[in-house]
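Below is my_file-v3.cif, holding mmCIF, C-alpha atoms.
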```cif
data_model
loop_
_atom_site.label_atom_id
_atom_site.label_comp_id
_atom_site.auth_asym_id
_atom_site.auth_seq_id
_atom_site.Cartn_x
_atom_site.Cartn_y
_atom_site.Cartn_z
CA MET A 1418 0.00 0.00 0.00
CA ASN A 1419 1.30 3.44 -0.86
CA THR A 1420 1.10 6.27 1.63
CA PRO A 1421 -1.09 8.97 0.09
CA VAL A 1422 0.38 12.40 -0.67
CA PHE A 1423 -0.66 14.93 1.99
CA ASP A 1424 1.30 18.16 1.40
CA PHE A 1425 -1.97 20.10 1.18
CA LEU A 1426 -2.37 19.78 4.97
CA LYS A 1427 0.09 22.66 5.31
CA ASP A 1428 -2.70 24.99 4.20
CA ASP A 1429 -4.18 27.09 7.02
CA VAL A 1430 -7.64 25.66 6.44
CA TYR A 1431 -6.55 22.29 7.72
CA LYS A 1432 -4.71 23.35 10.87
CA SER A 1433 -7.37 21.86 13.14
CA VAL A 1434 -6.82 18.42 11.61
CA TYR A 1435 -4.61 15.74 13.12
CA GLU A 1436 -1.69 15.30 10.75
CA PRO A 1437 -0.75 11.78 9.63
CA SER A 1438 1.57 10.53 12.37
CA GLU A 1439 3.13 7.27 13.57
CA ASP A 1440 -0.22 5.82 14.57
CA SER A 1441 -1.70 6.50 11.11
CA PHE A 1442 1.32 4.88 9.48
CA LEU A 1443 1.18 1.91 11.85
CA LEU A 1444 -2.44 1.34 10.82
CA ILE A 1445 -1.55 1.52 7.12
CA ASP A 1446 1.33 -0.90 7.73
CA ALA A 1447 -0.99 -3.30 9.57
CA LEU A 1448 -3.49 -3.23 6.69
CA GLU A 1449 -0.63 -3.86 4.31
CA ASN A 1450 0.50 -6.86 6.40
CA ASP A 1451 -3.03 -8.23 6.07
CA LEU A 1452 -3.51 -7.26 2.45
CA GLU A 1453 -3.84 -10.82 1.17
CA LEU A 1454 -6.48 -11.55 3.77
CA ILE A 1455 -8.41 -8.39 2.88
CA ARG A 1456 -8.06 -9.10 -0.84
CA LYS A 1457 -9.63 -12.52 -0.33
CA LEU A 1458 -12.56 -10.76 1.30
CA ASN A 1459 -12.93 -8.55 -1.81
CA PRO A 1460 -14.51 -5.72 0.20
CA SER A 1461 -17.60 -3.95 -1.17
CA ILE A 1462 -18.02 -1.45 1.66
CA CYS A 1463 -15.12 0.05 3.65
CA LEU A 1464 -15.79 2.44 6.51
CA GLU A 1465 -13.31 4.48 8.48
CA VAL A 1466 -14.58 6.01 11.70
CA GLY A 1467 -12.82 9.24 12.69
CA SER A 1468 -10.93 9.56 9.42
CA GLY A 1469 -9.10 12.79 10.35
CA SER A 1470 -6.85 13.78 7.44
CA GLY A 1471 -8.20 10.79 5.48
CA VAL A 1472 -4.77 9.29 4.88
CA VAL A 1473 -5.79 5.75 5.89
CA ILE A 1474 -9.09 5.46 3.99
CA SER A 1475 -7.48 7.02 0.90
CA ALA A 1476 -4.76 4.34 1.02
CA VAL A 1477 -7.52 1.71 1.29
CA SER A 1478 -9.48 3.19 -1.61
CA LYS A 1479 -6.38 3.17 -3.79
CA VAL A 1480 -5.97 -0.60 -3.30
CA PHE A 1481 -9.70 -1.39 -3.56
CA PRO A 1482 -11.13 0.80 -6.33
CA SER A 1483 -14.25 -1.37 -6.58
CA ALA A 1484 -15.18 -0.75 -2.95
CA TYR A 1485 -17.39 2.06 -1.67
CA CYS A 1486 -15.24 3.96 0.84
CA LEU A 1487 -17.09 5.98 3.45
CA ALA A 1488 -15.44 8.10 6.16
CA THR A 1489 -16.93 9.71 9.23
CA ASP A 1490 -15.53 12.38 11.52
CA ILE A 1491 -17.03 14.63 14.16
CA ASN A 1492 -15.07 17.61 12.83
CA HIS A 1493 -16.11 19.29 9.57
CA VAL A 1494 -12.56 20.45 8.80
CA ALA A 1495 -11.33 16.86 9.15
CA ALA A 1496 -14.08 15.65 6.82
CA LEU A 1497 -13.03 18.37 4.38
CA ALA A 1498 -9.39 17.24 4.66
CA THR A 1499 -10.50 13.64 4.00
CA LYS A 1500 -12.26 14.82 0.83
CA LYS A 1501 -9.22 16.79 -0.28
CA MET A 1502 -6.90 13.86 0.53
CA ALA A 1503 -8.99 11.59 -1.69
CA GLU A 1504 -9.14 14.13 -4.52
CA THR A 1505 -5.38 14.80 -4.34
CA ASN A 1506 -4.73 11.07 -4.55
CA LYS A 1507 -7.34 10.47 -7.26
CA VAL A 1508 -9.52 8.12 -5.27
CA THR A 1509 -13.15 8.33 -4.18
CA VAL A 1510 -13.92 8.63 -0.48
CA GLU A 1511 -17.20 10.01 0.81
CA PRO A 1512 -16.94 11.95 4.10
CA VAL A 1513 -19.85 12.48 6.50
CA VAL A 1514 -19.78 14.56 9.68
CA THR A 1515 -21.38 12.48 12.40
CA ASP A 1516 -20.71 11.06 15.85
CA LEU A 1517 -18.96 7.69 15.25
CA THR A 1518 -21.39 5.92 12.86
CA SER A 1519 -24.61 7.49 14.12
CA ALA A 1520 -25.94 8.67 10.72
CA VAL A 1521 -25.00 5.57 8.68
CA ARG A 1522 -25.42 2.69 11.10
CA SER A 1523 -28.98 1.65 10.39
CA ARG A 1524 -28.29 1.39 6.63
CA LEU A 1525 -25.03 -0.52 7.08
CA LEU A 1526 -26.05 -3.30 9.44
CA SER A 1527 -24.01 -6.45 8.57
CA GLN A 1528 -22.71 -4.66 5.45
CA VAL A 1529 -19.25 -3.40 6.35
CA ASP A 1530 -16.44 -5.62 5.05
CA LEU A 1531 -13.57 -3.47 6.23
CA LEU A 1532 -14.04 -1.30 9.31
CA VAL A 1533 -11.15 0.87 10.48
CA PHE A 1534 -10.79 3.08 13.55
CA ASN A 1535 -7.80 5.04 14.78
CA PRO A 1536 -9.57 6.37 17.87
CA PRO A 1537 -8.64 9.10 20.30
CA TYR A 1538 -6.70 6.81 22.65
CA VAL A 1539 -4.61 9.13 24.81
CA VAL A 1540 -5.36 9.00 28.55
CA THR A 1541 -6.76 12.43 29.49
CA PRO A 1542 -9.18 13.94 31.99
CA SER A 1543 -12.73 12.93 31.12
CA GLU A 1544 -13.87 16.48 30.35
CA GLU A 1545 -11.44 16.77 27.43
CA VAL A 1546 -13.34 14.13 25.46
CA GLY A 1547 -15.88 14.85 22.73
CA THR A 1548 -15.06 18.36 21.61
CA GLN A 1549 -15.16 19.15 17.91
CA SER A 1550 -11.66 20.61 17.86
CA LEU A 1551 -8.25 19.04 17.27
CA GLN A 1552 -8.34 17.75 20.85
CA ALA A 1553 -11.08 15.31 19.77
CA ALA A 1554 -8.48 13.56 17.62
CA TRP A 1555 -6.51 12.30 20.60
CA ALA A 1556 -8.31 12.88 23.92
CA GLY A 1557 -9.52 9.47 25.06
CA GLY A 1558 -10.49 10.22 28.66
CA ILE A 1559 -10.26 7.58 31.36
CA LYS A 1560 -7.83 4.81 30.34
CA GLY A 1561 -8.00 6.48 26.90
CA ARG A 1562 -11.04 4.32 26.34
CA GLN A 1563 -14.06 6.63 26.59
CA VAL A 1564 -14.60 7.03 22.86
CA MET A 1565 -13.66 3.54 21.70
CA ASP A 1566 -15.75 1.91 24.43
CA ARG A 1567 -18.76 3.76 23.10
CA PHE A 1568 -18.09 2.32 19.65
CA PHE A 1569 -17.33 -1.33 20.48
CA PRO A 1570 -20.97 -2.47 20.89
CA PHE A 1571 -21.70 -1.34 17.30
CA VAL A 1572 -18.85 -3.34 15.75
CA PRO A 1573 -20.63 -6.73 15.61
CA GLN A 1574 -23.74 -4.99 14.20
CA LEU A 1575 -21.82 -3.36 11.37
CA LEU A 1576 -19.46 -6.15 10.31
CA SER A 1577 -20.47 -8.42 7.45
CA THR A 1578 -20.12 -12.17 8.06
CA LYS A 1579 -16.46 -12.17 7.01
CA GLY A 1580 -15.87 -8.52 7.82
CA LEU A 1581 -12.69 -7.31 9.52
CA PHE A 1582 -12.34 -4.55 12.10
CA TYR A 1583 -8.96 -2.87 12.69
CA ILE A 1584 -8.29 -0.57 15.60
CA VAL A 1585 -5.22 1.24 16.94
CA VAL A 1586 -4.76 0.91 20.69
CA LEU A 1587 -2.24 1.97 23.28
CA LYS A 1588 -0.87 -0.34 25.93
CA ASP A 1589 -2.50 1.99 28.52
CA ASN A 1590 -5.92 1.23 26.96
CA ASN A 1591 -5.60 -2.31 28.33
CA PRO A 1592 -5.98 -4.34 25.11
CA ASP A 1593 -6.68 -7.52 27.12
CA GLU A 1594 -9.81 -5.96 28.58
CA ILE A 1595 -10.93 -4.84 25.10
CA THR A 1596 -10.31 -8.32 23.71
CA GLU A 1597 -12.34 -9.86 26.51
CA PHE A 1598 -15.26 -7.50 25.89
CA MET A 1599 -15.22 -8.19 22.15
CA PHE A 1600 -14.98 -11.92 22.76
CA GLY A 1601 -18.22 -11.57 24.68
CA GLN A 1602 -19.69 -9.97 21.54
CA GLY A 1603 -18.62 -12.99 19.48
CA LEU A 1604 -15.50 -11.47 17.95
CA LYS A 1605 -12.01 -12.94 18.14
CA MET A 1606 -8.83 -10.87 18.19
CA ASN A 1607 -5.48 -11.01 16.42
CA ASN A 1608 -2.66 -8.61 17.20
CA VAL A 1609 -1.50 -7.61 13.72
CA LEU A 1610 1.34 -5.24 14.56
CA SER A 1611 2.91 -3.54 17.58
CA ARG A 1612 5.45 -0.76 17.64
CA ARG A 1613 7.00 1.62 20.14
CA CYS A 1614 6.58 5.20 18.93
CA GLY A 1615 8.38 7.53 21.34
CA ILE A 1616 6.73 6.98 24.71
CA GLU A 1617 3.69 5.28 23.18
CA HIS A 1618 3.46 1.52 22.84
CA LEU A 1619 0.95 1.08 20.02
CA SER A 1620 -0.74 -1.98 18.56
CA VAL A 1621 -3.19 -2.62 15.76
CA LEU A 1622 -5.75 -5.25 16.71
CA ARG A 1623 -7.93 -7.09 14.20
CA PHE A 1624 -11.35 -8.39 15.20
CA GLU A 1625 -13.57 -10.74 13.20
CA ASN A 1626 -16.44 -13.12 13.74
CA GLY A 1627 -15.03 -16.16 15.45
CA MET B 968 -22.19 14.23 -1.20
CA LYS B 969 -22.88 11.71 -3.90
CA LEU B 970 -26.30 10.09 -4.11
CA ILE B 971 -24.80 6.73 -3.13
CA THR B 972 -23.95 8.35 0.20
CA HIS B 973 -27.36 9.97 0.54
CA ASN B 974 -28.68 6.40 0.27
CA MET B 975 -26.72 5.46 3.43
CA LEU B 976 -27.79 8.37 5.65
CA THR B 977 -30.63 8.35 8.15
CA SER B 978 -31.83 10.57 10.99
CA LYS B 979 -32.74 7.49 13.06
CA SER B 980 -30.53 8.66 15.95
CA LEU B 981 -32.86 11.60 16.56
CA LYS B 982 -35.02 11.11 19.61
CA GLY B 983 -38.44 9.75 18.64
CA VAL B 984 -37.56 8.93 15.03
CA ASN B 985 -38.39 5.40 13.83
CA VAL B 986 -36.80 5.12 10.41
CA GLY B 987 -35.50 8.57 9.43
CA PHE B 988 -35.05 7.50 5.82
CA PRO B 989 -34.85 8.66 3.11
CA LEU B 990 -33.83 12.21 3.96
CA LYS B 991 -35.36 14.78 1.65
CA ILE B 992 -32.77 16.74 -0.33
CA CYS B 993 -33.15 20.51 -0.66
CA ALA B 994 -30.15 21.48 -2.77
CA THR B 995 -28.99 24.97 -3.61
CA GLU B 996 -25.89 23.82 -5.50
CA VAL B 997 -25.46 20.55 -7.38
CA LYS B 998 -22.43 19.60 -9.43
CA GLU B 999 -21.91 16.88 -12.01
CA VAL B 1000 -18.47 15.31 -12.06
CA ALA B 1001 -17.12 12.66 -14.40
CA VAL B 1002 -16.12 9.43 -12.62
CA ASP B 1003 -14.57 6.42 -14.42
CA PHE B 1004 -17.22 3.77 -15.06
CA ASN B 1005 -16.53 0.66 -13.00
CA PRO B 1006 -19.24 -1.93 -13.72
CA GLU B 1007 -18.05 -4.17 -10.87
CA PHE B 1008 -18.53 -1.35 -8.37
CA VAL B 1009 -22.06 -0.61 -9.56
CA THR B 1010 -23.09 -4.28 -9.73
CA ARG B 1011 -21.87 -4.95 -6.21
CA MET B 1012 -23.55 -1.88 -4.75
CA ILE B 1013 -26.99 -2.42 -6.25
CA PRO B 1014 -28.14 -5.07 -3.72
CA LYS B 1015 -27.07 -2.75 -0.89
CA LEU B 1016 -29.11 0.20 -2.10
CA ASP B 1017 -32.65 1.27 -1.44
CA TRP B 1018 -33.55 1.70 -5.09
CA ASP B 1019 -36.74 3.66 -4.48
CA ALA B 1020 -34.87 6.14 -2.31
CA LEU B 1021 -32.22 6.54 -5.01
CA CYS B 1022 -34.82 7.21 -7.71
CA GLN B 1023 -36.64 9.65 -5.45
CA ALA B 1024 -33.40 11.52 -4.69
CA ALA B 1025 -32.40 11.62 -8.35
CA GLU B 1026 -35.85 12.84 -9.34
CA SER B 1027 -35.81 15.62 -6.74
CA LEU B 1028 -32.55 16.86 -8.28
CA GLY B 1029 -33.90 16.52 -11.80
CA CYS B 1030 -31.32 13.93 -12.80
CA LEU B 1031 -33.41 10.75 -12.90
CA ASN B 1032 -33.46 10.90 -16.71
CA ASP B 1033 -34.51 7.44 -17.86
CA LEU B 1034 -33.15 5.40 -14.96
CA PRO B 1035 -35.61 2.50 -14.50
CA ARG B 1036 -37.76 2.63 -11.35
CA SER B 1037 -36.94 -0.98 -10.60
CA VAL B 1038 -33.78 -3.02 -10.94
CA ASN B 1039 -33.77 -5.50 -13.82
CA PRO B 1040 -32.92 -8.93 -12.31
CA ASN B 1041 -30.45 -9.44 -15.13
CA HIS B 1042 -28.74 -6.08 -14.60
CA GLU B 1043 -25.18 -7.48 -14.37
CA ASN B 1044 -25.17 -7.90 -18.14
CA ASP B 1045 -27.03 -4.72 -18.96
CA GLU B 1046 -24.25 -2.21 -19.51
CA GLU B 1047 -26.59 0.57 -20.49
CA PHE B 1048 -28.48 0.20 -17.20
CA LEU B 1049 -25.25 0.02 -15.17
CA LYS B 1050 -24.00 3.22 -16.83
CA LYS B 1051 -27.20 5.05 -15.92
CA ALA B 1052 -26.95 3.80 -12.35
CA HIS B 1053 -23.26 4.77 -12.25
CA HIS B 1054 -24.13 8.31 -13.29
CA VAL B 1055 -26.81 8.77 -10.64
CA LEU B 1056 -24.81 7.11 -7.86
CA LEU B 1057 -21.40 8.67 -8.41
CA GLU B 1058 -21.51 11.61 -10.81
CA VAL B 1059 -24.16 13.81 -9.21
CA GLU B 1060 -22.93 15.68 -6.11
CA VAL B 1061 -24.86 17.88 -3.74
CA ILE B 1062 -22.45 20.67 -2.78
CA GLU B 1063 -24.69 23.03 -0.78
CA GLY B 1064 -28.12 22.51 0.67
CA GLU B 1065 -30.02 20.68 3.37
CA LEU B 1066 -31.17 17.17 4.18
CA VAL B 1067 -34.52 17.01 5.91
CA CYS B 1068 -35.67 14.32 8.34
CA PRO B 1069 -38.89 12.83 6.90
CA GLU B 1070 -40.44 12.43 10.36
CA THR B 1071 -39.48 15.56 12.29
CA GLY B 1072 -38.46 18.08 9.63
CA ARG B 1073 -35.09 18.55 11.38
CA LYS B 1074 -32.67 19.98 8.83
CA PHE B 1075 -29.08 18.88 8.38
CA PRO B 1076 -26.79 21.20 6.42
CA VAL B 1077 -24.65 20.12 3.49
CA ASN B 1078 -21.66 22.44 3.11
CA GLU B 1079 -18.71 22.13 0.73
CA GLY B 1080 -20.14 18.77 -0.35
CA ILE B 1081 -20.19 17.33 3.17
CA PRO B 1082 -23.37 16.50 5.09
CA ASN B 1083 -23.32 17.48 8.75
CA MET B 1084 -25.43 14.95 10.66
CA LEU B 1085 -24.35 16.02 14.17
CA LEU B 1086 -27.10 16.20 16.77
CA ASN B 1087 -27.34 18.32 19.89
CA GLU B 1088 -27.22 16.48 23.21
CA ASP B 1089 -30.92 17.12 23.84
CA GLU B 1090 -31.89 15.57 20.48
CA VAL B 1091 -30.42 12.12 21.14
#
```

How does this structure look as structure tokens?
Amino acid sequence: MNTPVFDFLKDDVYKSVYEPSEDSFLLIDALENDLELIRKLNPSICLEVGSGSGVVISAVSKVFPSAYCLATDINHVAALATKKMAETNKVTVEPVVTDLTSAVRSRLLSQVDLLVFNPPYVVTPSEEVGTQSLQAAWAGGIKGRQVMDRFFPFVPQLLSTKGLFYIVVLKDNNPDEITEFMFGQGLKMNNVLSRRCGIEHLSVLRFENG
Amino acid sequence: MKLITHNMLTSKSLKGVNVGFPLKICATEVKEVAVDFNPEFVTRMIPKLDWDALCQAAESLGCLNDLPRSVNPNHENDEEFLKKAHHVLLEVEVIEGELVCPETGRKFPVNEGIPNMLLNEDEV
């Protein structure tokens, strides 16, 4: 998978958007590691939750031009950046401003083949969660889990039978606890890739129907 | 916002709304863009669409043209049909306007081609 071009993010318009960083690249690398698996799935619908700059979903769209790629973000400027990222890289990604998957969920039940989420995972005070500014890109609240925990119950509803869900997590998020919760929802976990990035110990976990 | 995306949006998360679909489109700016025709894409999306909602949306924007009101069961081999569907799904974009909840009349803005479906805390 090629990393999309994202020079345009230097423009002032996009300064409230989280720039592609180590976690974004780790997620792209994890998807690349699993590319054969995803190819076999031949995804029709790909959905990235919290797409930010759009670098990840644009990389996905480049590899799967016959898939419908949808991206959500709570921040309009991020959604705009996602659109621009796709246009710059000559792929089609459709951004929607919504909370997680609120506006698309009921139409996408059991339809999403590839679901991707690089959530706000940084441990912060609870009150920093859920703004519509740049802070929303990283502030994860207690254990860094407040946003992702809200999303987990929707994952089994959205995934198609063979669908795959990829999420970036921090060691501080307690991946074991997440895995246990998802197991209770009928999903099994594989740790695709882990990497130390500065002080952060990051992993990309893959969940699928087990 | 392409019409394929309009087909995926609902206002069901609004308090008291049962279905919230399809959202009515009130567009003030619509753009047509050329997108490469990919028959595989169109064929695979058709079973996932609400065809009536797509036709309704296209009609409200005046771009239904002669797109059939129902999907021919043999559409995979009907290139002419797939091209018409391709046009409506991917080449018509709502740039500015509003989406309206069919049950409550709540309006959601579309700006710079992006629908804003955010709700206030007291609406959830």

Residues of chain B within 8 Å of chain A, using all atoms listed in the file, as a ChimeraX atom specification?
-> /B:968-969,972,975-980,1005,1007-1008,1011-1012,1015,1079,1081-1085

Would you kindly translate the PyMOL selection byres ((chain A and resi 1431-1434) around 7) into the concrete residues it picks from this file, as a PyMOL selection string?
-> chain A and resi 1426+1428-1430+1435-1436+1469-1470+1494-1495+1498+1550-1551

Could you tell me which residues the PyMOL selection byres ((chain B and resi 1064) around 8) grabs in this file, written as a tab-separated table (two decimals) with C-alpha atoms, keeping the file's coordinate frame?
```tsv
chain	number	residue	atom	x	y	z
B	992	ILE	CA	-32.77	16.74	-0.33
B	993	CYS	CA	-33.15	20.51	-0.66
B	994	ALA	CA	-30.15	21.48	-2.77
B	995	THR	CA	-28.99	24.97	-3.61
B	996	GLU	CA	-25.89	23.82	-5.50
B	1061	VAL	CA	-24.86	17.88	-3.74
B	1062	ILE	CA	-22.45	20.67	-2.78
B	1063	GLU	CA	-24.69	23.03	-0.78
B	1065	GLU	CA	-30.02	20.68	3.37
B	1066	LEU	CA	-31.17	17.17	4.18
B	1076	PRO	CA	-26.79	21.20	6.42
B	1077	VAL	CA	-24.65	20.12	3.49
B	1078	ASN	CA	-21.66	22.44	3.11
```

Just give me the gap between atom CA of B:Phe988 and atom CA of A:Val1564 in Å, one decimal is fine.
-> 26.6 Å

Taking (-19.2, 10.6, -7.7) in the file's coordinates, which residues come within 7 Å, counting all atoms listed in the file, written as a PyMOL selection string?
-> chain B and resi 969+1000+1002+1056-1060

Run the PyMOL selection byres ((chain B and resi 1043) around 10) mentally over the shown coordinates, then write out the matched residues as an MDAnalysis selection string, using the chain letters and numbers from the document.
-> chainID B and resid 1006:1007 1009:1011 1013 1039:1042 1044:1046 1048:1049

Kindly save the residues from that selection, with C-alpha atoms included, as a PDB file, keeping the file's coordinate frame.
```pdb
ATOM      1  CA  PRO B1006     -19.240  -1.930 -13.720  1.00  0.00           C
ATOM      2  CA  GLU B1007     -18.050  -4.170 -10.870  1.00  0.00           C
ATOM      3  CA  VAL B1009     -22.060  -0.610  -9.560  1.00  0.00           C
ATOM      4  CA  THR B1010     -23.090  -4.280  -9.730  1.00  0.00           C
ATOM      5  CA  ARG B1011     -21.870  -4.950  -6.210  1.00  0.00           C
ATOM      6  CA  ILE B1013     -26.990  -2.420  -6.250  1.00  0.00           C
ATOM      7  CA  ASN B1039     -33.770  -5.500 -13.820  1.00  0.00           C
ATOM      8  CA  PRO B1040     -32.920  -8.930 -12.310  1.00  0.00           C
ATOM      9  CA  ASN B1041     -30.450  -9.440 -15.130  1.00  0.00           C
ATOM     10  CA  HIS B1042     -28.740  -6.080 -14.600  1.00  0.00           C
ATOM     11  CA  ASN B1044     -25.170  -7.900 -18.140  1.00  0.00           C
ATOM     12  CA  ASP B1045     -27.030  -4.720 -18.960  1.00  0.00           C
ATOM     13  CA  GLU B1046     -24.250  -2.210 -19.510  1.00  0.00           C
ATOM     14  CA  PHE B1048     -28.480   0.200 -17.200  1.00  0.00           C
ATOM     15  CA  LEU B1049     -25.250   0.020 -15.170  1.00  0.00           C
TER      16      LEU B1049
END
```

I'd like the contact shell of stretch 1608-1622 of chain A - 10 Å cut-off, all atoms listed in the file, skipping same-chain residues fewer than 5 positions apart - returned as a CSV table (one decimal) with C-alpha atoms, in the coordinates of the input.
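As written to disk, out_31.csv reads:
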```
chain,number,residue,atom,x,y,z
A,1438,SER,CA,1.6,10.5,12.4
A,1439,GLU,CA,3.1,7.3,13.6
A,1440,ASP,CA,-0.2,5.8,14.6
A,1443,LEU,CA,1.2,1.9,11.8
A,1444,LEU,CA,-2.4,1.3,10.8
A,1445,ILE,CA,-1.6,1.5,7.1
A,1446,ASP,CA,1.3,-0.9,7.7
A,1447,ALA,CA,-1.0,-3.3,9.6
A,1448,LEU,CA,-3.5,-3.2,6.7
A,1450,ASN,CA,0.5,-6.9,6.4
A,1451,ASP,CA,-3.0,-8.2,6.1
A,1534,PHE,CA,-10.8,3.1,13.6
A,1535,ASN,CA,-7.8,5.0,14.8
A,1538,TYR,CA,-6.7,6.8,22.6
A,1539,VAL,CA,-4.6,9.1,24.8
A,1582,PHE,CA,-12.3,-4.6,12.1
A,1583,TYR,CA,-9.0,-2.9,12.7
A,1584,ILE,CA,-8.3,-0.6,15.6
A,1585,VAL,CA,-5.2,1.2,16.9
A,1586,VAL,CA,-4.8,0.9,20.7
A,1587,LEU,CA,-2.2,2.0,23.3
A,1588,LYS,CA,-0.9,-0.3,25.9
A,1589,ASP,CA,-2.5,2.0,28.5
A,1590,ASN,CA,-5.9,1.2,27.0
A,1592,PRO,CA,-6.0,-4.3,25.1
A,1595,ILE,CA,-10.9,-4.8,25.1
A,1596,THR,CA,-10.3,-8.3,23.7
```

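The two atoms in question, atom CA of A:Trp1555 and atom CA of A:Ser1527, are spaced 28.3 Å apart.
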
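With atom CA of B:Gln1023 on one side and atom CA of B:Glu1070 on the other, the separation reads 16.5 Å.
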